[in-house]
$ cat protein.cif   # mmCIF, C-alpha atoms
data_target
loop_
_atom_site.label_atom_id
_atom_site.label_comp_id
_atom_site.auth_asym_id
_atom_site.auth_seq_id
_atom_site.Cartn_x
_atom_site.Cartn_y
_atom_site.Cartn_z
CA MET A 160 26.16 -21.15 7.23
CA SER A 161 22.93 -20.59 5.31
CA VAL A 162 19.87 -19.71 7.35
CA SER A 163 16.56 -20.47 5.66
CA LEU A 164 13.81 -18.11 6.71
CA GLY A 165 10.38 -19.55 7.45
CA ILE A 166 8.61 -16.73 5.65
CA PRO A 167 6.56 -17.66 2.56
CA THR A 168 7.80 -16.38 -0.76
CA ILE A 169 5.78 -13.88 -2.75
CA ARG A 170 3.24 -15.33 -5.15
CA GLY A 171 4.93 -15.72 -8.51
CA GLU A 172 8.46 -15.69 -7.09
CA GLY A 173 10.80 -18.47 -6.10
CA ASP A 174 10.43 -22.17 -6.82
CA GLY A 175 6.85 -22.47 -5.67
CA GLU A 176 7.62 -23.91 -2.24
CA GLY A 177 5.87 -22.28 0.68
CA GLU A 178 3.80 -19.95 -1.47
CA PRO A 179 0.53 -18.76 0.07
CA SER A 180 -2.67 -20.30 -1.24
CA PRO A 181 -5.59 -17.99 -0.32
CA VAL A 182 -4.95 -15.30 -2.94
CA ALA A 183 -6.61 -15.94 -6.29
CA PRO A 184 -4.73 -15.41 -9.56
CA ARG A 185 -4.47 -11.76 -10.47
CA ARG A 186 -7.17 -10.31 -12.69
CA ARG A 187 -5.81 -9.76 -16.18
CA SER A 188 -5.40 -6.05 -16.80
CA ARG A 189 -3.48 -3.91 -19.21
CA GLN A 190 -0.30 -2.39 -17.83
CA ILE A 191 0.58 1.28 -17.65
CA MET A 192 3.76 2.97 -16.49
CA VAL A 193 3.56 5.59 -13.76
CA GLY A 194 7.05 6.96 -14.12
CA ASP A 195 9.26 3.93 -13.63
CA VAL A 196 6.62 1.99 -11.66
CA PRO A 197 4.55 -0.50 -13.68
CA VAL A 198 0.88 -0.71 -12.66
CA GLY A 199 -1.32 -3.57 -13.80
CA GLY A 200 -0.52 -6.68 -15.78
CA ASP A 201 1.85 -8.90 -13.85
CA ALA A 202 3.44 -6.02 -11.91
CA PRO A 203 3.42 -6.24 -8.11
CA VAL A 204 0.67 -4.31 -6.33
CA SER A 205 2.14 -0.91 -5.48
CA VAL A 206 1.56 1.29 -2.43
CA GLN A 207 0.67 4.96 -2.79
CA SER A 208 0.05 7.88 -0.48
CA MET A 209 -0.58 11.61 -0.73
CA THR A 210 1.32 14.55 0.70
CA THR A 211 -0.35 16.76 3.29
CA THR A 212 1.89 19.77 2.69
CA LEU A 213 1.04 22.86 0.68
CA THR A 214 2.27 21.79 -2.75
CA ALA A 215 3.45 25.32 -3.48
CA ASP A 216 5.95 24.87 -0.61
CA VAL A 217 8.38 22.85 -2.69
CA ASN A 218 10.91 22.13 0.06
CA SER A 219 8.32 20.91 2.56
CA THR A 220 6.63 18.78 -0.06
CA LEU A 221 9.89 17.18 -1.16
CA GLN A 222 10.82 16.54 2.48
CA GLN A 223 7.56 14.71 3.06
CA ILE A 224 8.00 12.75 -0.17
CA ALA A 225 11.44 11.68 1.08
CA GLU A 226 9.88 10.46 4.34
CA LEU A 227 7.21 8.56 2.43
CA THR A 228 9.82 6.99 0.16
CA ALA A 229 11.83 5.83 3.17
CA SER A 230 8.70 4.18 4.60
CA GLY A 231 8.12 2.15 1.43
CA CYS A 232 5.83 4.40 -0.61
CA GLN A 233 6.24 3.77 -4.35
CA ILE A 234 4.02 6.46 -5.89
CA VAL A 235 2.99 9.79 -4.36
CA ARG A 236 0.14 12.16 -5.15
CA VAL A 237 0.18 15.92 -4.60
CA ALA A 238 -2.81 18.26 -4.53
CA VAL A 239 -3.04 21.03 -7.13
CA PRO A 240 -5.90 23.35 -6.12
CA SER A 241 -4.19 26.63 -7.12
CA GLN A 242 -1.93 28.21 -9.70
CA ASP A 243 0.88 28.44 -7.14
CA ASP A 244 0.65 24.67 -6.67
CA ALA A 245 0.71 24.12 -10.43
CA ASP A 246 3.78 26.36 -10.71
CA ALA A 247 5.59 24.17 -8.16
CA LEU A 248 5.02 20.92 -10.07
CA PRO A 249 8.07 21.03 -12.39
CA ALA A 250 10.52 21.23 -9.48
CA ILE A 251 8.69 18.58 -7.45
CA ALA A 252 8.37 16.15 -10.37
CA ARG A 253 12.03 16.61 -11.26
CA LYS A 254 13.44 16.18 -7.75
CA SER A 255 11.11 13.56 -6.27
CA PRO A 256 12.72 10.12 -5.79
CA ILE A 257 9.41 8.42 -6.65
CA PRO A 258 6.81 9.13 -9.37
CA VAL A 259 4.55 12.10 -8.69
CA ILE A 260 0.87 12.18 -9.60
CA ALA A 261 -0.90 15.53 -9.78
CA ASP A 262 -4.36 15.49 -8.17
CA ILE A 263 -6.69 17.77 -10.13
CA HIS A 264 -10.14 19.04 -9.22
CA PHE A 265 -12.25 21.93 -10.50
CA GLN A 266 -9.93 23.50 -13.12
CA PRO A 267 -9.04 21.74 -16.40
CA LYS A 268 -6.09 24.11 -16.91
CA TYR A 269 -4.21 22.41 -14.09
CA VAL A 270 -4.40 19.09 -15.96
CA PHE A 271 -2.41 20.62 -18.81
CA ALA A 272 -0.02 22.28 -16.35
CA ALA A 273 0.68 18.93 -14.68
CA ILE A 274 1.33 17.23 -18.00
CA ASP A 275 3.66 20.04 -19.08
CA ALA A 276 5.43 19.86 -15.70
CA GLY A 277 6.47 16.27 -16.33
CA CYS A 278 4.32 14.62 -13.68
CA ALA A 279 4.33 10.83 -13.92
CA ALA A 280 0.52 10.77 -14.10
CA VAL A 281 -2.52 12.94 -13.54
CA ARG A 282 -5.56 12.07 -11.44
CA VAL A 283 -8.77 13.71 -12.59
CA ASN A 284 -12.09 13.70 -10.79
CA PRO A 285 -14.66 14.17 -13.59
CA GLY A 286 -17.47 14.98 -11.17
CA ASN A 287 -15.52 17.96 -9.85
CA ILE A 288 -14.00 19.43 -13.01
CA LYS A 289 -16.02 22.10 -14.75
CA LYS A 290 -16.89 21.18 -18.35
CA PHE A 291 -14.57 18.16 -18.10
CA ASP A 292 -16.29 16.25 -20.90
CA ASP A 293 -15.66 19.12 -23.30
CA LYS A 294 -11.92 19.05 -22.55
CA VAL A 295 -11.31 15.31 -22.89
CA GLY A 296 -10.09 15.53 -26.48
CA GLU A 297 -7.49 18.16 -25.63
CA ILE A 298 -6.41 16.30 -22.50
CA ALA A 299 -6.10 13.03 -24.45
CA ARG A 300 -3.89 14.68 -27.09
CA ALA A 301 -1.65 16.35 -24.52
CA ALA A 302 -1.32 13.16 -22.45
CA THR A 303 -0.58 11.09 -25.54
CA ASP A 304 2.14 13.48 -26.69
CA ALA A 305 3.76 13.49 -23.26
CA GLY A 306 3.24 9.77 -22.53
CA THR A 307 1.34 10.66 -19.35
CA PRO A 308 -1.24 8.19 -18.01
CA ILE A 309 -4.52 9.41 -16.54
CA ARG A 310 -6.28 8.10 -13.45
CA ILE A 311 -10.02 8.54 -13.59
CA GLY A 312 -10.83 8.89 -9.92
CA VAL A 313 -14.52 8.65 -9.10
CA ASN A 314 -15.53 9.45 -5.53
CA ALA A 315 -18.90 8.90 -3.88
CA GLY A 316 -18.78 12.40 -2.43
CA SER A 317 -18.27 14.12 -5.77
CA LEU A 318 -20.23 12.00 -8.20
CA ASP A 319 -21.47 13.65 -11.38
CA LYS A 320 -24.89 15.25 -10.73
CA ARG A 321 -26.36 13.52 -13.77
CA LEU A 322 -25.64 10.13 -12.26
CA LEU A 323 -26.83 11.11 -8.81
CA GLU A 324 -30.16 12.08 -10.35
CA LYS A 325 -30.34 8.80 -12.25
CA HIS A 326 -29.38 6.44 -9.39
CA GLY A 327 -30.55 8.48 -6.41
CA LYS A 328 -27.25 8.12 -4.54
CA ALA A 329 -23.70 6.87 -4.97
CA THR A 330 -24.48 3.21 -5.57
CA PRO A 331 -21.90 0.76 -6.92
CA GLU A 332 -23.68 0.96 -10.28
CA ALA A 333 -23.47 4.76 -10.30
CA LEU A 334 -19.74 4.75 -9.49
CA VAL A 335 -18.98 2.21 -12.20
CA GLU A 336 -21.14 3.94 -14.78
CA SER A 337 -19.35 7.21 -14.11
CA ALA A 338 -15.91 5.67 -14.51
CA LEU A 339 -16.73 3.75 -17.67
CA TRP A 340 -18.47 6.77 -19.22
CA GLU A 341 -15.38 8.92 -18.75
CA CYS A 342 -13.17 6.11 -20.08
CA SER A 343 -15.33 5.94 -23.18
CA LEU A 344 -14.75 9.64 -23.83
CA PHE A 345 -10.99 9.07 -23.80
CA GLU A 346 -11.35 5.93 -25.89
CA GLU A 347 -13.08 7.99 -28.61
CA HIS A 348 -9.74 9.77 -29.00
CA GLY A 349 -7.71 6.55 -28.98
CA PHE A 350 -6.43 7.10 -25.45
CA ARG A 351 -6.30 4.04 -23.19
CA ASP A 352 -3.36 4.78 -20.91
CA ILE A 353 -5.82 4.82 -18.01
CA LYS A 354 -6.28 3.46 -14.53
CA ILE A 355 -9.50 3.75 -12.56
CA SER A 356 -10.66 4.15 -8.98
CA VAL A 357 -14.24 4.07 -7.68
CA LYS A 358 -13.94 5.01 -4.02
CA HIS A 359 -16.59 5.00 -1.33
CA ASN A 360 -16.43 5.37 2.46
CA ASP A 361 -18.47 2.17 2.95
CA PRO A 362 -16.33 -0.94 2.35
CA VAL A 363 -19.39 -2.97 1.28
CA VAL A 364 -20.32 -0.48 -1.44
CA MET A 365 -16.68 -0.07 -2.43
CA ILE A 366 -16.13 -3.84 -2.79
CA ALA A 367 -19.26 -4.22 -4.92
CA ALA A 368 -18.22 -1.34 -7.17
CA TYR A 369 -14.74 -2.73 -7.80
CA ARG A 370 -16.07 -6.21 -8.49
CA GLN A 371 -18.43 -4.78 -11.12
CA LEU A 372 -15.67 -2.64 -12.58
CA ALA A 373 -13.22 -5.55 -12.72
CA ALA A 374 -15.74 -7.57 -14.72
CA ALA A 375 -16.52 -4.72 -17.10
CA CYS A 376 -13.07 -3.58 -18.25
CA ASP A 377 -9.39 -4.48 -18.38
CA TYR A 378 -8.01 -1.21 -17.04
CA PRO A 379 -5.72 -1.39 -13.99
CA LEU A 380 -7.55 -0.54 -10.79
CA HIS A 381 -6.48 1.73 -7.95
CA LEU A 382 -8.09 0.56 -4.69
CA GLY A 383 -9.20 2.95 -1.99
CA VAL A 384 -11.76 3.41 0.76
CA THR A 385 -12.19 7.17 0.71
CA GLU A 386 -12.57 9.12 3.95
CA ALA A 387 -11.89 5.88 5.82
CA GLY A 388 -11.54 7.75 9.10
CA PRO A 389 -9.07 7.95 12.02
CA ALA A 390 -6.17 5.52 12.16
CA PHE A 391 -7.87 2.58 13.91
CA GLN A 392 -11.20 2.75 12.08
CA GLY A 393 -9.58 3.53 8.75
CA THR A 394 -7.11 0.68 9.08
CA VAL A 395 -9.89 -1.82 9.78
CA LYS A 396 -12.10 -0.60 6.93
CA SER A 397 -9.20 -0.55 4.46
CA ALA A 398 -7.91 -3.96 5.51
CA VAL A 399 -11.37 -5.49 5.13
CA ALA A 400 -12.03 -3.94 1.72
CA PHE A 401 -8.56 -4.41 0.26
CA GLY A 402 -8.25 -7.91 1.68
CA ALA A 403 -11.52 -9.02 0.10
CA LEU A 404 -10.63 -7.64 -3.32
CA LEU A 405 -6.94 -8.53 -3.41
CA ALA A 406 -7.75 -12.08 -2.30
CA GLU A 407 -9.91 -12.28 -5.44
CA GLY A 408 -7.06 -10.98 -7.59
CA ILE A 409 -8.64 -7.51 -7.98
CA GLY A 410 -6.43 -4.46 -7.52
CA ASP A 411 -3.18 -3.18 -9.00
CA THR A 412 -2.22 -0.30 -6.71
CA ILE A 413 -3.56 0.83 -3.33
CA ARG A 414 -3.83 3.93 -1.17
CA VAL A 415 -4.97 3.67 2.44
CA SER A 416 -6.79 6.91 3.34
CA LEU A 417 -6.37 7.74 7.03
CA SER A 418 -6.86 10.81 9.17
CA ALA A 419 -3.25 10.34 10.20
CA PRO A 420 0.24 11.21 8.92
CA PRO A 421 0.73 9.79 5.42
CA VAL A 422 3.62 7.60 6.55
CA GLU A 423 1.07 5.67 8.60
CA GLU A 424 -0.97 5.09 5.43
CA VAL A 425 2.06 3.52 3.79
CA LYS A 426 2.77 1.28 6.77
CA VAL A 427 -0.80 -0.02 6.78
CA GLY A 428 -0.83 -0.53 3.02
CA ALA A 429 2.43 -2.46 3.09
CA ALA A 430 1.20 -4.58 6.00
CA ILE A 431 -1.97 -5.49 4.10
CA LEU A 432 0.07 -6.64 1.11
CA GLU A 433 2.50 -8.55 3.32
CA SER A 434 -0.37 -10.31 5.09
CA LEU A 435 -1.66 -11.56 1.74
CA GLY A 436 1.77 -12.64 0.53
CA LEU A 437 1.72 -9.93 -2.14
CA ARG A 438 4.81 -8.16 -0.83
CA LYS A 439 7.96 -9.42 0.83
CA ARG A 440 7.48 -9.57 4.55
CA GLY A 441 9.64 -7.61 6.92
CA LEU A 442 9.98 -8.27 10.63
CA GLU A 443 6.84 -10.03 11.90
CA ILE A 444 5.98 -10.53 15.57
CA VAL A 445 3.69 -13.46 16.41
CA SER A 446 2.41 -13.20 19.98
CA CYS A 447 -0.31 -14.55 22.25
CA PRO A 448 -3.71 -12.92 22.56
CA SER A 449 -5.36 -12.37 25.94
CA CYS A 450 -5.57 -15.74 27.66
CA GLY A 451 -5.87 -17.08 31.19
CA ARG A 452 -3.27 -19.76 30.43
CA ALA A 453 -0.42 -17.24 30.07
CA GLN A 454 2.23 -17.71 32.75
CA VAL A 455 4.09 -14.48 31.95
CA ASP A 456 3.08 -10.89 31.21
CA VAL A 457 2.93 -11.58 27.49
CA TYR A 458 1.66 -8.07 26.65
CA THR A 459 4.72 -6.42 28.14
CA LEU A 460 7.03 -9.10 26.77
CA ALA A 461 5.71 -8.66 23.21
CA GLU A 462 5.95 -4.87 23.47
CA GLN A 463 9.53 -5.07 24.71
CA VAL A 464 10.56 -7.46 21.94
CA THR A 465 8.84 -5.27 19.34
CA ALA A 466 10.60 -2.17 20.67
CA GLY A 467 13.94 -3.96 20.88
CA LEU A 468 13.74 -5.12 17.26
CA LYS A 469 12.20 -1.91 15.88
CA GLY A 470 13.78 -1.12 12.54
CA PHE A 471 15.44 -4.54 12.36
CA PRO A 472 15.97 -4.93 8.61
CA VAL A 473 16.02 -8.72 8.32
CA PRO A 474 12.67 -10.34 7.44
CA LEU A 475 12.27 -12.58 10.47
CA ARG A 476 9.15 -14.10 11.99
CA VAL A 477 9.55 -13.89 15.78
CA ALA A 478 7.13 -15.73 18.09
CA VAL A 479 6.59 -14.44 21.62
CA MET A 480 4.47 -17.01 23.42
CA GLY A 481 3.27 -17.14 27.01
CA CYS A 482 2.07 -20.68 27.75
CA VAL A 483 2.77 -24.33 27.11
CA VAL A 484 -0.35 -25.00 24.99
CA ASN A 485 0.52 -23.25 21.72
CA GLY A 486 3.84 -21.76 22.75
CA PRO A 487 6.31 -24.49 21.77
CA GLY A 488 4.55 -25.17 18.47
CA GLU A 489 4.38 -21.52 17.42
CA ALA A 490 7.97 -20.92 18.52
CA ARG A 491 9.16 -23.90 16.48
CA GLU A 492 7.36 -22.65 13.35
CA ALA A 493 8.95 -19.20 13.57
CA ASP A 494 12.49 -18.25 12.59
CA LEU A 495 13.07 -17.21 16.17
CA GLY A 496 10.85 -17.60 19.19
CA VAL A 497 10.30 -18.07 22.88
CA ALA A 498 7.90 -20.31 24.78
CA SER A 499 7.57 -18.85 28.28
CA GLY A 500 6.36 -20.25 31.58
CA ASN A 501 7.29 -20.77 35.22
CA GLY A 502 9.62 -17.76 35.23
CA LYS A 503 11.75 -18.84 32.29
CA GLY A 504 11.71 -19.10 28.53
CA GLN A 505 12.83 -21.67 25.99
CA ILE A 506 14.51 -19.93 23.05
CA PHE A 507 13.91 -21.54 19.65
CA VAL A 508 15.88 -20.93 16.45
CA LYS A 509 14.51 -22.59 13.32
CA GLY A 510 12.55 -25.13 15.34
CA GLU A 511 15.30 -26.13 17.75
CA VAL A 512 15.67 -25.18 21.40
CA VAL A 513 19.03 -23.42 21.69
CA LYS A 514 18.83 -22.35 25.33
CA THR A 515 16.59 -21.76 28.33
CA VAL A 516 16.89 -18.41 30.10
CA PRO A 517 15.26 -16.64 33.07
CA GLU A 518 12.22 -14.52 32.21
CA SER A 519 14.25 -11.36 32.86
CA GLN A 520 16.69 -12.30 30.06
CA ILE A 521 14.19 -13.27 27.35
CA VAL A 522 14.14 -9.94 25.50
CA GLU A 523 17.90 -9.43 25.39
CA THR A 524 18.41 -13.07 24.37
CA LEU A 525 15.95 -12.81 21.47
CA ILE A 526 17.67 -9.65 20.25
CA GLU A 527 21.08 -11.34 20.50
CA GLU A 528 19.82 -14.36 18.55
CA ALA A 529 18.26 -12.11 15.90
CA MET A 530 21.62 -10.39 15.44
CA ARG A 531 23.34 -13.76 15.24
CA ILE A 532 20.92 -14.96 12.55
CA ALA A 533 21.62 -11.82 10.57
CA GLU A 534 25.37 -12.40 10.89
CA GLU A 535 25.01 -16.01 9.70
CA MET A 536 23.09 -14.70 6.70
CA GLY A 537 26.02 -12.45 5.83
CA ILE A 538 24.26 -9.27 6.94
CA GLU A 539 26.02 -6.62 8.96
CA ILE A 540 23.68 -4.30 10.85
CA GLY A 541 24.93 -0.86 11.75
CA GLU A 542 23.95 1.18 14.80
CA ASP A 543 21.54 3.16 12.61
CA GLY A 544 19.77 -0.02 11.49
CA SER A 545 21.40 -0.05 8.07
CA ALA A 546 22.23 -3.43 6.55
CA THR A 547 25.28 -4.25 4.46
CA GLY A 548 27.15 -7.34 3.43
CA PRO A 549 26.69 -10.17 0.90
CA GLY A 550 23.38 -11.32 2.41
CA ALA A 551 21.72 -7.91 2.38
CA ASP A 552 19.81 -8.66 -0.84
CA VAL A 553 17.08 -10.36 1.25
CA ILE A 554 16.25 -7.05 2.89
CA VAL A 555 12.86 -5.53 2.13
CA SER A 556 13.43 -2.12 0.55
#

$ encode --input "protein.cif" --output "structure tokens"
Amino acid sequence: MSVSLGIPTIRGEGDGEGEPSPVAPRRRSRQIMVGDVPVGGDAPVSVQSMTTTLTADVNSTLQQIAELTASGCQIVRVAVPSQDDADALPAIARKSPIPVIADIHFQPKYVFAAIDAGCAAVRVNPGNIKKFDDKVGEIARAATDAGTPIRIGVNAGSLDKRLLEKHGKATPEALVESALWECSLFEEHGFRDIKISVKHNDPVVMIAAYRQLAAACDYPLHLGVTEAGPAFQGTVKSAVAFGALLAEGIGDTIRVSLSAPPVEEVKVGAAILESLGLRKRGLEIVSCPSCGRAQVDVYTLAEQVTAGLKGFPVPLRVAVMGCVVNGPGEAREADLGVASGNGKGQIFVKGEVVKTVPESQIVETLIEEAMRIAEEMGIEIGEDGSATGPGADVIVS
């Protein structure tokens, strides 16, 4: 039996049916390769994060990279503030399962060390590197010889003093002028294997800067709200800024900056892309908000269903509804759902009521039906959440 999921396909994939409409066509940009991950052009928007370990501690750094990779991170950045960190780069770049970008501030010599180490790319912050402009020619030659792309990463908090004096503060115009000026220095040496970021902690300023930058060049753009804050605040700010730009087709790779473990950054970044139809969706729970019409404890019910299906590898949309107003309709639209009321719940699978169960059995019944759907799709789910079988190619990696 073939089970058709009710989840929209990614823009640009499939036969066009069910594709989301709000996202504008992607801005046309040149494409670069960060290791084996294409960035820009028609490549999917990729998710990045940054390690929090001491880079010189190779084992700890590689362990965190492995955790990030398992959570869906596609590119990782490591800090290189010291010679010990630079010395660790060859081993990290060689053993990392995903491309490694070296993050360079203050010392130009670490740029050359990162290129020699085989890093997939180097991020430079021109406002923080001493005599950076004087070293551009050498950096361009070394990067060209090694095939290493450069990210010009402009931050509001470390803008070149010349531009701060000219603009008074880190305005969108100042951020864009800084980025394009540094690009022009590389272009003088024939180097265009570049991507750009112009980050600011204020989403409004950040959005304006990226819009200006997108109109002024064809380089791929790395989106970020820098110093976005603790998990809740940073998630909101990043979702607002990224959503606005990605919905306009602006942005080729993203990093959510949170005062939280980096795995959480990846989860938020992936969720933003999924919400816009720019990445295959995983498990999605649709549930009621606060409402006086609810006839069950929908908060607890949704939490229990979420916990029961945690790690479920099949991309299902599951509706957990608590009243008769929107409940049946939402449950019918989902792959799997329940419309609850009067101490019982109607269980829906692909729009059809398959059974009615007491409220106390709703959670276990939804989990059982989810497992059955997976089995009908040819997917075998192990106790550790792993998925095998002929239908496992639908799983989000």

$ atom_distance --input "protein.cif" --atom1 "CA of Arg440 (chain A)" --atom2 "CA of Ala461 (chain A)"
18.8 Å

$ residues_near_point --input "protein.cif" --point "(-13.7, 10.0, -20.1)" --cutoff "12 Å" --atoms "all atoms listed in the file" --output "PyMOL selection string"
chain A and resi 283-286+288+290-299+309-313+336-355

$ atom_distance --input "protein.cif" --atom1 "CA of Pro197 (chain A)" --atom2 "CA of Ala280 (chain A)"
12.0 Å

$ residues_around --input "protein.cif" --residues "Ser219 (chain A)" --least-positions-apart "4" --cutoff "12 Å" --atoms "all atoms listed in the file" --output "list in words"
Thr210, Thr211, Thr212, Leu213, Thr214, Ala215, Gln223, Ile224, Ala225, Glu226, Val237, Ala247, Ile251 and Ser255 of chain A

$ write_last_selection --input "protein.cif" --atoms "C-alpha atoms" --output "short mmCIF file (atom, residue, chain, number, x, y, z; two decimals), keeping the file's coordinate frame"
data_model
loop_
_atom_site.label_atom_id
_atom_site.label_comp_id
_atom_site.auth_asym_id
_atom_site.auth_seq_id
_atom_site.Cartn_x
_atom_site.Cartn_y
_atom_site.Cartn_z
CA THR A 210 1.32 14.55 0.70
CA THR A 211 -0.35 16.76 3.29
CA THR A 212 1.89 19.77 2.69
CA LEU A 213 1.04 22.86 0.68
CA THR A 214 2.27 21.79 -2.75
CA ALA A 215 3.45 25.32 -3.48
CA GLN A 223 7.56 14.71 3.06
CA ILE A 224 8.00 12.75 -0.17
CA ALA A 225 11.44 11.68 1.08
CA GLU A 226 9.88 10.46 4.34
CA VAL A 237 0.18 15.92 -4.60
CA ALA A 247 5.59 24.17 -8.16
CA ILE A 251 8.69 18.58 -7.45
CA SER A 255 11.11 13.56 -6.27
#

$ resolve_selection --input "protein.cif" --expression "the PyMOL selection byres ((chain A and resi 375) around 12)" --output "list of chain:residue names"
A:Arg186, A:Arg187, A:Ser188, A:Glu332, A:Val335, A:Glu336, A:Ala338, A:Leu339, A:Trp340, A:Cys342, A:Ile355, A:Ala368, A:Tyr369, A:Arg370, A:Gln371, A:Leu372, A:Ala373, A:Ala374, A:Cys376, A:Asp377, A:Tyr378, A:Pro379, A:Leu380

$ write_last_selection --input "protein.cif" --atoms "C-alpha atoms" --output "mmCIF file, in the coordinates of the input"
data_model
loop_
_atom_site.group_PDB
_atom_site.id
_atom_site.type_symbol
_atom_site.label_atom_id
_atom_site.label_comp_id
_atom_site.auth_asym_id
_atom_site.auth_seq_id
_atom_site.Cartn_x
_atom_site.Cartn_y
_atom_site.Cartn_z
ATOM 1 C CA ARG A 186 -7.170 -10.310 -12.690
ATOM 2 C CA ARG A 187 -5.810 -9.760 -16.180
ATOM 3 C CA SER A 188 -5.400 -6.050 -16.800
ATOM 4 C CA GLU A 332 -23.680 0.960 -10.280
ATOM 5 C CA VAL A 335 -18.980 2.210 -12.200
ATOM 6 C CA GLU A 336 -21.140 3.940 -14.780
ATOM 7 C CA ALA A 338 -15.910 5.670 -14.510
ATOM 8 C CA LEU A 339 -16.730 3.750 -17.670
ATOM 9 C CA TRP A 340 -18.470 6.770 -19.220
ATOM 10 C CA CYS A 342 -13.170 6.110 -20.080
ATOM 11 C CA ILE A 355 -9.500 3.750 -12.560
ATOM 12 C CA ALA A 368 -18.220 -1.340 -7.170
ATOM 13 C CA TYR A 369 -14.740 -2.730 -7.800
ATOM 14 C CA ARG A 370 -16.070 -6.210 -8.490
ATOM 15 C CA GLN A 371 -18.430 -4.780 -11.120
ATOM 16 C CA LEU A 372 -15.670 -2.640 -12.580
ATOM 17 C CA ALA A 373 -13.220 -5.550 -12.720
ATOM 18 C CA ALA A 374 -15.740 -7.570 -14.720
ATOM 19 C CA CYS A 376 -13.070 -3.580 -18.250
ATOM 20 C CA ASP A 377 -9.390 -4.480 -18.380
ATOM 21 C CA TYR A 378 -8.010 -1.210 -17.040
ATOM 22 C CA PRO A 379 -5.720 -1.390 -13.990
ATOM 23 C CA LEU A 380 -7.550 -0.540 -10.790
#

$ atom_distance --input "protein.cif" --atom1 "CA of Val473 (chain A)" --atom2 "CA of Ile526 (chain A)"
12.1 Å

$ resolve_selection --input "protein.cif" --expression "the PyMOL selection byres ((chain A and resi 253) around 12)" --output "VMD selection string"
chain A and resid 194 217 221 247 to 252 254 to 259 275 to 279

$ closest_residue --input "protein.cif" --among "A:Ala398, A:Val455, A:Met209, A:Val522" --to "Ala430 (chain A)" --atoms "only C-alpha atoms"
A:Ala398

$ resolve_selection --input "protein.cif" --expression "the PyMOL selection byres ((chain A and resi 319) around 8)" --output "ChimeraX atom specification"
/A:285-287,317-318,320-323,337

$ write_last_selection --input "protein.cif" --atoms "C-alpha atoms" --output "PDB file, in the coordinates of the input"
ATOM      1  CA  PRO A 285     -14.660  14.170 -13.590  1.00  0.00           C
ATOM      2  CA  GLY A 286     -17.470  14.980 -11.170  1.00  0.00           C
ATOM      3  CA  ASN A 287     -15.520  17.960  -9.850  1.00  0.00           C
ATOM      4  CA  SER A 317     -18.270  14.120  -5.770  1.00  0.00           C
ATOM      5  CA  LEU A 318     -20.230  12.000  -8.200  1.00  0.00           C
ATOM      6  CA  LYS A 320     -24.890  15.250 -10.730  1.00  0.00           C
ATOM      7  CA  ARG A 321     -26.360  13.520 -13.770  1.00  0.00           C
ATOM      8  CA  LEU A 322     -25.640  10.130 -12.260  1.00  0.00           C
ATOM      9  CA  LEU A 323     -26.830  11.110  -8.810  1.00  0.00           C
ATOM     10  CA  SER A 337     -19.350   7.210 -14.110  1.00  0.00           C
TER      11      SER A 337
END

$ closest_residue --input "protein.cif" --among "A:Ala490, A:Ile540, A:Met530, A:Ala406" --to "Ala183 (chain A)" --atoms "only C-alpha atoms"
A:Ala406

$ closest_residue --input "protein.cif" --among "A:Thr412, A:Ser397, A:Ser499, A:Ser356" --to "Gln190 (chain A)" --atoms "all atoms listed in the file"
A:Thr412

$ residues_near_point --input "protein.cif" --point "(4.9, 1.6, -7.8)" --cutoff "9 Å" --atoms "all atoms listed in the file" --output "VMD selection string"
chain A and resid 192 to 198 202 to 207 232 to 234 257 to 258 412

$ closest_residue --input "protein.cif" --among "A:Ile431, A:Leu525, A:Val281, A:Val270" --to "Gln242 (chain A)" --atoms "only C-alpha atoms"
A:Val270

$ closest_residue --input "protein.cif" --among "A:Thr524, A:Asn360, A:Ser434, A:Ser519" --to "Val384 (chain A)" --atoms "only C-alpha atoms"
A:Asn360

$ residues_around --input "protein.cif" --residues "Val364 (chain A)" --least-positions-apart "4" --cutoff "7 Å" --atoms "all atoms listed in the file" --output "list in words"
Thr330, Pro331, His359 and Ala368 of chain A

$ build_atoms --input "protein.cif" --residues "region 202-208 of chain A" --atoms "N, CA and C atoms" --output "compact mmCIF listing (two decimals), in the coordinates of the input"
# COMPACT_ATOMS: atom_id res chain seq x y z
N ALA A 202 2.62 -6.81 -12.84
CA ALA A 202 3.44 -6.02 -11.91
C ALA A 202 2.95 -6.21 -10.48
N PRO A 203 3.85 -6.15 -9.51
CA PRO A 203 3.42 -6.24 -8.11
C PRO A 203 2.46 -5.11 -7.76
N VAL A 204 1.58 -5.35 -6.81
CA VAL A 204 0.67 -4.31 -6.33
C VAL A 204 1.49 -3.24 -5.62
N SER A 205 1.34 -2.00 -6.04
CA SER A 205 2.14 -0.91 -5.48
C SER A 205 1.38 -0.15 -4.41
N VAL A 206 2.14 0.53 -3.53
CA VAL A 206 1.56 1.29 -2.43
C VAL A 206 1.74 2.78 -2.70
N GLN A 207 0.65 3.52 -2.56
CA GLN A 207 0.67 4.96 -2.79
C GLN A 207 0.27 5.70 -1.52
N SER A 208 0.58 6.99 -1.50
CA SER A 208 0.05 7.88 -0.48
C SER A 208 -0.04 9.27 -1.08
